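A quick write-up on the structure given underneath.
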Amino acid sequence: MLATRRLRLRTWKEADLPPFAALNADPRVMEFFPKMLSRAESDERASQVVEHFERHGFGLWAVEVKGGAEFIGFVGLNVPTFTAHFTPCVEIGWRLAYEHWNQGYASEAACAAVAFAFDELRLGEIVALTAVANERSRRVMTRLGMTYSSDDDFEHPGIPEGHSLRRQVLYRLRA
Ligand SMILES: CC(C)(COP(=O)(O)OP(=O)(O)OC[C@H]1O[C@@H](n2cnc3c(N)ncnc32)[C@H](O)[C@@H]1OP(=O)(O)O)[C@@H](O)C(=O)NCCC(=O)NCCS
């Protein structure tokens, strides 16, 4: 578990599944993903996150607010399974329920994940990626001190050709 001033980043529990499904079915949260998720798809995604923790010892932590909401989304580290010019790599990522946006929670949690990546895992570099138009996510990346180069723009192999979200940006942060 990691802790910040306002948040706990912890492993997942059964009770996280309903609020996770709710945010995965929210069009505002899923604007920059190819589709919203059904309850079954959301549960499957959560299982993949748990398996990732078992395999790597780290992952996309469930985030709770100290003295507040028990699950607001995830923030953490992930090893992408697709191949691109920057893989293999460890990416940092985030997805919060809409009602918890605009309070600095994603950036606060991500700072703790960055420290874990460099101080505990001793990684040399982490990356972050998102659709070109996802300005909110890109602002989190910039706040973390990550840098962007258009030379790293890429076509996400998991998104169909011709889809508007296929073109993605990559941000990098070195230890
Ligand atoms: C990406 C996402 C996590 C960003 O959420 P966010 O609320 O903009 O980011 P933070 O939690 O770091 O909050 C920062 C914002 O809160 C504001 N803020 C308000 N009160 C604050 C406080 N007390 N402390 C810090 N920031 C505060 C900041 O000014 C900042 O707003 P700005 O970017 O307009 O300047 C959120 O939009 C999301 O979950 N999106 C859907 C999933 C997604 O697209 N994920 C990325 C795909 S790869």
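Ligands are numbered from 1 in the order shown, chains are lettered A, B, ... in the order of the structure tokens, and residues start at 1 in each chain.
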Exercise. Residues within 8 Å of ligand 1, counting only C-alpha atoms and all ligand atoms: report them as a PyMOL selection string.
Key: chain A and resi 28-33+73+93-98+100-108+128-131+134+136-140
Practice problem: Excluding range 155-159 of chain A and any residue of its chain fewer than 3 positions from it, enumerate the residues within 9 Å of it, using only C-alpha atoms, and give them as a VMD selection string. | Solution: chain A and resid 34 82 to 84 131 162 to 163 165 to 169
Quiz prompt | Nearest to Ala175 in chain A, chosen from A:Met36, A:Ala115, A:Met141, A:Val132, with only C-alpha atoms counted in the distances | solution = A:Ala115
Quiz item: From the set A:Val50, A:Ala69, A:Leu173, A:Cys111, which residue has the shortest atom-to-atom contact distance to Arg5 in chain A, counting only C-alpha atoms?
Solution: A:Cys111
Quiz item: Within 9 Å of Arg10 in chain A, counting only C-alpha atoms, which residues qualify if same-chain residues fewer than 4 places away don't, as a VMD selection string?
Solution: chain A and resid 1 to 3 60 to 64
Take the residues from that selection and put them in a file with C-alpha atoms, as a PDB file, in the first residue's frame.
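Saved result, result10.pdb, follows:
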ATOM      1  CA  MET A   1       0.000   0.000   0.000  1.00  0.00           C
ATOM      2  CA  LEU A   2       1.126   3.561  -0.716  1.00  0.00           C
ATOM      3  CA  ALA A   3      -0.150   6.616   1.093  1.00  0.00           C
ATOM      4  CA  LEU A  60      -2.841  -0.092 -11.047  1.00  0.00           C
ATOM      5  CA  TRP A  61      -3.676   0.520  -7.380  1.00  0.00           C
ATOM      6  CA  ALA A  62      -7.234   1.076  -6.207  1.00  0.00           C
ATOM      7  CA  VAL A  63      -7.434   4.600  -4.810  1.00  0.00           C
ATOM      8  CA  GLU A  64      -9.389   5.561  -1.707  1.00  0.00           C
TER       9      GLU A  64
END
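Secondary structure of range 8-88 of chain A, strand (DSSP E or B) only (DSSP, backbone atoms): Arg8, Leu9, Arg10, Leu60, Trp61, Ala62, Val63, Glu64, Val65, Gly73, Phe74, Val75, Gly76, Leu77 and Asn78 of chain A.
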Quiz prompt | Test item, helix (DSSP H, G or I) assignment across range 83-162 of chain A, answer as a PyMOL selection string | solution = chain A and resi 98-100+105-120+135-143+150-152
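Remark: for Asp26 in chain A, the closest of the candidate residues A:Glu99, A:Gly57, A:Ser164, A:Asp151 is A:Glu99 (distances computed over only C-alpha atoms).
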Quiz item: Which is closest to Ala112 in chain A among A:Gly124, A:Gly145, A:Gly76, A:Pro88, if we use only C-alpha atoms?
Solution: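 Of the candidates, the smallest distance to Ala112 in chain A is held by A:Gly76.
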